[in-house]
Amino acid sequence: MKKRLALIIAVLLVAAILPAQAAQVKFKNVSVHDPSVLYDDGMYYIYGSHMQAARSENLVDWKMFSKLDKCNLQPNYAVQFKEALTFAQTGTFWAPDVIRLADGRYYMYYCCCEGSSPLSALGLAVSDSPEGPFENVQILLKSGYEGYDATKLPNAIDPCVFFDKTGERLWMVYGSYSGGIFLLELDPATGLIKEGQEEYGIRLLGGNHARIEAPYIIYNRDTDYYYLFLSFGGLGVNDGYNMRVCRSRNVEGPYEDAQGHDMRDCMCKPGNFWNDDDVAGFGVKLMGGHQLWEDGAIVRSPGHNSAIETEDGWFLIHHTRFAPRDDRYIVQSRGMWFNDFGWPVVAPTRYVANLPEDEAALTGAFRVLFHGQDTNAVEHLAMDAEFHEDGTVSGSVSGSFEAGETLSLNLDGVEYHGVCCMGYDSDQDAFVTTFTAMSEDGQTVWGVRAAEQD
């Protein structure tokens with residue numbers, strides 16, 4: 001972790017502005033919807049909806065090894081998972097999660113859902129290899145059956161399975177829309193639901209069909225917090241998907257956002273189903289639809305993330321769509337740090353391996369982007385700002401900054417804390433200085449430096 005900080009977060013205020021380096025980085029992109037990451041024996045794996053799966057040695061160059069029409073995870077999936085598919089009245093699978101347990105085997109928590117209703121089945125399958133084939137064990141949960149109250153009970157999809165900070169207790173957080181996000185304890189020896197709990201477990205947030213899904217929990221030993229990542233809004237290219245986070249000292253909650261809101265209060269008003277305005281004020285928004293440069297890529301609906309800590313630091317992995325394209329999507333990995341307030345901040349550019357070791361120069365012309373707190377179906381636009389050698393900022397925003405191992409910004413009277421680092425900006429095809437920061441009340445700001453400045 002310290003080595004990575006020394007390489008990419010070293011920040012000097014220098015009079016001579018560093019020229020940008022032409023990069024021409026080529027990504028080996030894959031389409032894995034709802035990517036859930038697993039690291040095993042030198043390889044990163046991501047598993048997603050429609051039995052999509054890919055592998056990579058560096059979180060950058062991915063290679064697909066499974067999809068529904070060539071399902072290496074389970075070639076005979078229609079027979080293996082017949083009970084779940086029949087109950088959910090569907091022919092496909094939604095966001096799974098895979099974890100390796102003490103017996104050395106790989107446990108896949110899969111889910112099947114019809115889509116227009118919470119008629120779902122969440123089950124367990126096991127394999128001796130991270131690439132399958134996964135053999136069905138049993139269904140763990142069902143939702144949407146007769147008598148089921150979809151305003152209060154969870155849709156049994158989107159599992160994330162993880163160990164708590166003791167390394168001994170195993171948990172599953174899950175849920176989408178419907179009655180919210182729930183948490184169940186699992187038996188670490190079998191991977192099955194531990195006995196003696198309520199049927200669906202503990203409700204953490206959501207309800208009345210609030211558009212919140214894709215829960216993912218990590219524990220950071222440096223901050224001693226559990227972080228619950230979520231996606232708000234709809235997943236389509238025009239539906240405003242955006243990634244948020246809340247945290248708790250206790251794995252079972254209650255979880256809070258940066259403003260101190262109890263996330264159990266985050267739900268739609270009774271009868272006001274699927275209303276994004278009812279929940280927009282909750283959660284720390286890490287990223288939504290955005291455009292950094294006027295002629296650059298228009299990012300839409302980034303979401304359904306997972307996260308992982310490596311020897312090089314933390315990373316966030318998610319899928320992204322782009323306007324004005326249709327609903328095609330690709331996987332992106334981004335560096336992630338934890339700021340002075342103890343909240344994660346995410347790089348404004350995609351991660352690339354072997355970044356140059358140049359010192360990031362926080363002077364010159366930048367594009368500054370505020371993500372806001374809304375579920376934005378239309379991208380937020382960056383604005384121009386000039387960062388001066390005397391530590392002042394002028395332009396569309398004004399203020400001041402101080403940079404060292406961490407970054408402090410005061411923009412239009414609001415204080416932000418984060419990091420500054422080198423990044424690869426694909427819009428400019430150059431390695432440039434970037435920054436990511438957050439205010440104490442959870443407002444996120446990004447900055448990307450213009451290339452080729454004299």
# chains A, B, ... in the order shown; residues from 1 in each chain; ligands from 1
call {"tool": "residues_around", "arguments": {"residues": "Ala323 (chain A)", "least_positions_apart": "6", "cutoff": "12 Å", "atoms": "only C-alpha atoms", "output": "list in words"}}
result
Gly236, Val237, Asn238, Asp239, Gly240, Gly289, His290, Gln291, Gly296, Ala297, Ile298, Val299, Arg300, Ser301, Pro302, Tyr329, Ala377, Val378 and Glu379 of chain A
call {"tool": "select_by_dssp", "arguments": {"residues": "region 61-153 of chain A", "states": "helix (DSSP H, G or I)", "output": "ChimeraX atom specification"}}
result
/A:77-80,82-88
call {"tool": "write_last_selection", "arguments": {"atoms": "N, CA, C and O atoms", "output": "JSON list (two decimals), in the first residue's frame"}}
result
[["chain", "number", "residue", "atom", "x", "y", "z"],
["A", 77, "TYR", "N", -26.44, -26.16, -17.79],
["A", 77, "TYR", "CA", -27.10, -25.31, -16.79],
["A", 77, "TYR", "C", -28.61, -25.50, -16.76],
["A", 77, "TYR", "O", -29.25, -25.39, -15.71],
["A", 78, "ALA", "N", -29.23, -25.77, -17.90],
["A", 78, "ALA", "CA", -30.69, -25.90, -17.94],
["A", 78, "ALA", "C", -31.17, -27.06, -17.08],
["A", 78, "ALA", "O", -32.27, -27.02, -16.51],
["A", 79, "VAL", "N", -30.35, -28.11, -16.97],
["A", 79, "VAL", "CA", -30.69, -29.26, -16.14],
["A", 79, "VAL", "C", -30.23, -29.02, -14.71],
["A", 79, "VAL", "O", -30.97, -29.25, -13.75],
["A", 80, "GLN", "N", -28.99, -28.58, -14.54],
["A", 80, "GLN", "CA", -28.42, -28.36, -13.20],
["A", 80, "GLN", "C", -29.27, -27.39, -12.37],
["A", 80, "GLN", "O", -29.48, -27.58, -11.18],
["A", 82, "LYS", "N", -32.48, -26.35, -13.06],
["A", 82, "LYS", "CA", -33.85, -26.41, -13.54],
["A", 82, "LYS", "C", -34.85, -25.90, -12.51],
["A", 82, "LYS", "O", -35.79, -25.17, -12.84],
["A", 83, "GLU", "N", -34.67, -26.28, -11.25],
["A", 83, "GLU", "CA", -35.62, -25.88, -10.21],
["A", 83, "GLU", "C", -35.69, -24.36, -10.09],
["A", 83, "GLU", "O", -36.79, -23.79, -10.03],
["A", 84, "ALA", "N", -34.55, -23.70, -10.05],
["A", 84, "ALA", "CA", -34.53, -22.23, -9.91],
["A", 84, "ALA", "C", -35.09, -21.56, -11.15],
["A", 84, "ALA", "O", -35.87, -20.60, -11.06],
["A", 85, "LEU", "N", -34.70, -22.03, -12.33],
["A", 85, "LEU", "CA", -35.18, -21.44, -13.57],
["A", 85, "LEU", "C", -36.69, -21.62, -13.72],
["A", 85, "LEU", "O", -37.40, -20.70, -14.16],
["A", 86, "THR", "N", -37.20, -22.77, -13.32],
["A", 86, "THR", "CA", -38.63, -23.04, -13.42],
["A", 86, "THR", "C", -39.41, -22.16, -12.46],
["A", 86, "THR", "O", -40.42, -21.56, -12.82],
["A", 87, "PHE", "N", -38.93, -22.06, -11.22],
["A", 87, "PHE", "CA", -39.63, -21.23, -10.24],
["A", 87, "PHE", "C", -39.66, -19.76, -10.67],
["A", 87, "PHE", "O", -40.69, -19.10, -10.57],
["A", 88, "ALA", "N", -38.53, -19.25, -11.18],
["A", 88, "ALA", "CA", -38.44, -17.84, -11.56],
["A", 88, "ALA", "C", -39.04, -17.57, -12.94],
["A", 88, "ALA", "O", -39.10, -16.40, -13.35]]
call {"tool": "residues_around", "arguments": {"residues": "region 424-432 of chain A", "least_positions_apart": "6", "cutoff": "12 Å", "atoms": "only C-alpha atoms", "output": "VMD selection string"}}
result
chain A and resid 8 17 to 27 291 to 299 334 to 335 347 to 367 447 to 453
call {"tool": "atom_distance", "arguments": {"atom1": "CA of Ala125 (chain A)", "atom2": "CA of Gln332 (chain A)"}}
result
27.0 Å
call {"tool": "residues_around", "arguments": {"residues": "region 246-251 of chain A", "least_positions_apart": "6", "cutoff": "10 Å", "atoms": "only C-alpha atoms", "output": "count of residues only"}}
result
30
call {"tool": "atom_distance", "arguments": {"atom1": "CA of Met336 (chain A)", "atom2": "CA of Leu316 (chain A)"}}
result
6.3 Å
call {"tool": "residues_around", "arguments": {"residues": "Pro154 (chain A)", "least_positions_apart": "4", "cutoff": "9 Å", "atoms": "only C-alpha atoms", "output": "list in words"}}
result
Pro118, Ser143, Gly144, Asp149, Ala150, Tyr174, Gly175, Ser176, Tyr177, Ser178, Gly179, Gly180, Ile181, Phe182, Tyr200, Arg203 and Gly207 of chain A
call {"tool": "write_last_selection", "arguments": {"atoms": "N, CA, C and O atoms", "output": "compact mmCIF listing (two decimals), in the first residue's frame"}}
result
# COMPACT_ATOMS: atom_id res chain seq x y z
N PRO A 118 -40.59 -9.59 -8.73
CA PRO A 118 -39.57 -10.17 -7.85
C PRO A 118 -39.70 -11.68 -7.69
O PRO A 118 -39.44 -12.22 -6.62
N SER A 143 -38.37 -15.67 -3.61
CA SER A 143 -39.17 -14.46 -3.40
C SER A 143 -40.23 -14.36 -4.49
O SER A 143 -40.14 -15.02 -5.53
N GLY A 144 -41.24 -13.53 -4.24
CA GLY A 144 -42.27 -13.29 -5.24
C GLY A 144 -43.39 -14.31 -5.27
O GLY A 144 -44.28 -14.24 -6.13
N ASP A 149 -45.00 -10.01 0.33
CA ASP A 149 -45.19 -8.56 0.31
C ASP A 149 -43.93 -7.91 -0.27
O ASP A 149 -42.93 -7.74 0.42
N ALA A 150 -44.00 -7.53 -1.54
CA ALA A 150 -42.83 -7.00 -2.24
C ALA A 150 -42.43 -5.61 -1.77
O ALA A 150 -41.34 -5.14 -2.11
N TYR A 174 -27.71 -9.09 0.19
CA TYR A 174 -28.40 -9.32 -1.09
C TYR A 174 -29.63 -8.43 -1.17
O TYR A 174 -30.02 -7.77 -0.20
N GLY A 175 -30.27 -8.42 -2.32
CA GLY A 175 -31.53 -7.71 -2.50
C GLY A 175 -31.49 -6.71 -3.64
O GLY A 175 -30.43 -6.25 -4.07
N SER A 176 -32.67 -6.36 -4.13
CA SER A 176 -32.81 -5.43 -5.24
C SER A 176 -34.24 -4.90 -5.26
O SER A 176 -35.19 -5.67 -5.24
N TYR A 177 -34.37 -3.55 -5.30
CA TYR A 177 -35.70 -2.93 -5.35
C TYR A 177 -36.58 -3.53 -4.24
O TYR A 177 -36.16 -3.72 -3.11
N SER A 178 -37.81 -3.85 -4.56
CA SER A 178 -38.74 -4.52 -3.64
C SER A 178 -38.61 -3.97 -2.22
O SER A 178 -38.65 -2.77 -2.01
N GLY A 179 -38.41 -4.87 -1.24
CA GLY A 179 -38.37 -4.47 0.16
C GLY A 179 -37.02 -4.05 0.66
O GLY A 179 -36.86 -3.77 1.85
N GLY A 180 -35.99 -4.03 -0.20
CA GLY A 180 -34.71 -3.49 0.20
C GLY A 180 -33.56 -4.47 0.21
O GLY A 180 -33.60 -5.55 -0.39
N ILE A 181 -32.52 -4.08 0.94
CA ILE A 181 -31.27 -4.84 1.04
C ILE A 181 -31.22 -5.53 2.39
O ILE A 181 -31.44 -4.90 3.44
N PHE A 182 -30.92 -6.83 2.40
CA PHE A 182 -30.95 -7.65 3.60
C PHE A 182 -29.62 -8.38 3.81
O PHE A 182 -28.83 -8.53 2.88
N TYR A 200 -35.48 -14.01 5.95
CA TYR A 200 -34.71 -13.19 5.02
C TYR A 200 -33.55 -12.45 5.71
O TYR A 200 -32.79 -11.76 5.05
N ARG A 203 -32.89 -6.45 7.74
CA ARG A 203 -33.05 -5.40 6.73
C ARG A 203 -32.06 -4.28 7.02
O ARG A 203 -32.02 -3.73 8.12
N GLY A 207 -36.92 -0.24 0.58
CA GLY A 207 -38.31 -0.62 0.78
C GLY A 207 -39.23 0.16 -0.13
O GLY A 207 -38.85 1.17 -0.73
call {"tool": "residues_around", "arguments": {"residues": "Ile317 (chain A)", "least_positions_apart": "6", "cutoff": "8 Å", "atoms": "only C-alpha atoms", "output": "list in words"}}
result
Pro35, Ser36, Val37, Asn305, Ser306, Ala307, Val331, Gln332, Ser333 and Arg334 of chain A
call {"tool": "write_last_selection", "arguments": {"atoms": "N, CA and C atoms", "output": "tab-separated table (two decimals), in the first residue's frame"}}
result
chain	number	residue	atom	x	y	z
A	35	PRO	N	-20.22	-7.17	-12.56
A	35	PRO	CA	-19.02	-7.95	-12.30
A	35	PRO	C	-18.70	-8.08	-10.81
A	36	SER	N	-18.59	-9.30	-10.34
A	36	SER	CA	-18.19	-9.60	-8.97
A	36	SER	C	-16.81	-10.23	-9.01
A	37	VAL	N	-15.85	-9.66	-8.27
A	37	VAL	CA	-14.45	-10.03	-8.43
A	37	VAL	C	-14.01	-11.08	-7.41
A	305	ASN	N	-21.07	-2.49	-8.76
A	305	ASN	CA	-19.64	-2.68	-8.55
A	305	ASN	C	-19.33	-3.78	-7.55
A	306	SER	N	-18.11	-4.25	-7.63
A	306	SER	CA	-17.47	-5.01	-6.56
A	306	SER	C	-16.17	-4.29	-6.23
A	307	ALA	N	-15.45	-4.73	-5.23
A	307	ALA	CA	-14.21	-4.07	-4.82
A	307	ALA	C	-13.26	-5.11	-4.26
A	331	VAL	N	-16.60	-3.64	-18.83
A	331	VAL	CA	-16.09	-3.63	-17.46
A	331	VAL	C	-14.96	-2.60	-17.36
A	332	GLN	N	-14.95	-1.86	-16.24
A	332	GLN	CA	-13.86	-0.93	-15.95
A	332	GLN	C	-13.35	-1.16	-14.53
A	333	SER	N	-12.04	-1.01	-14.34
A	333	SER	CA	-11.42	-1.04	-13.01
A	333	SER	C	-10.88	0.34	-12.71
A	334	ARG	N	-11.02	0.77	-11.45
A	334	ARG	CA	-10.53	2.09	-11.04
A	334	ARG	C	-9.82	1.97	-9.69
call {"tool": "closest_residue", "arguments": {"among": "A:Met43, A:Arg211, A:Ser400, A:Val346", "to": "Val419 (chain A)", "atoms": "only C-alpha atoms"}}
result
A:Val346
call {"tool": "residues_around", "arguments": {"residues": "Glu131 (chain A)", "least_positions_apart": "5", "cutoff": "10 Å", "atoms": "only C-alpha atoms", "output": "MDAnalysis selection string"}}
result
chainID A and resid 45 47 53:55 65:66 72:74 106
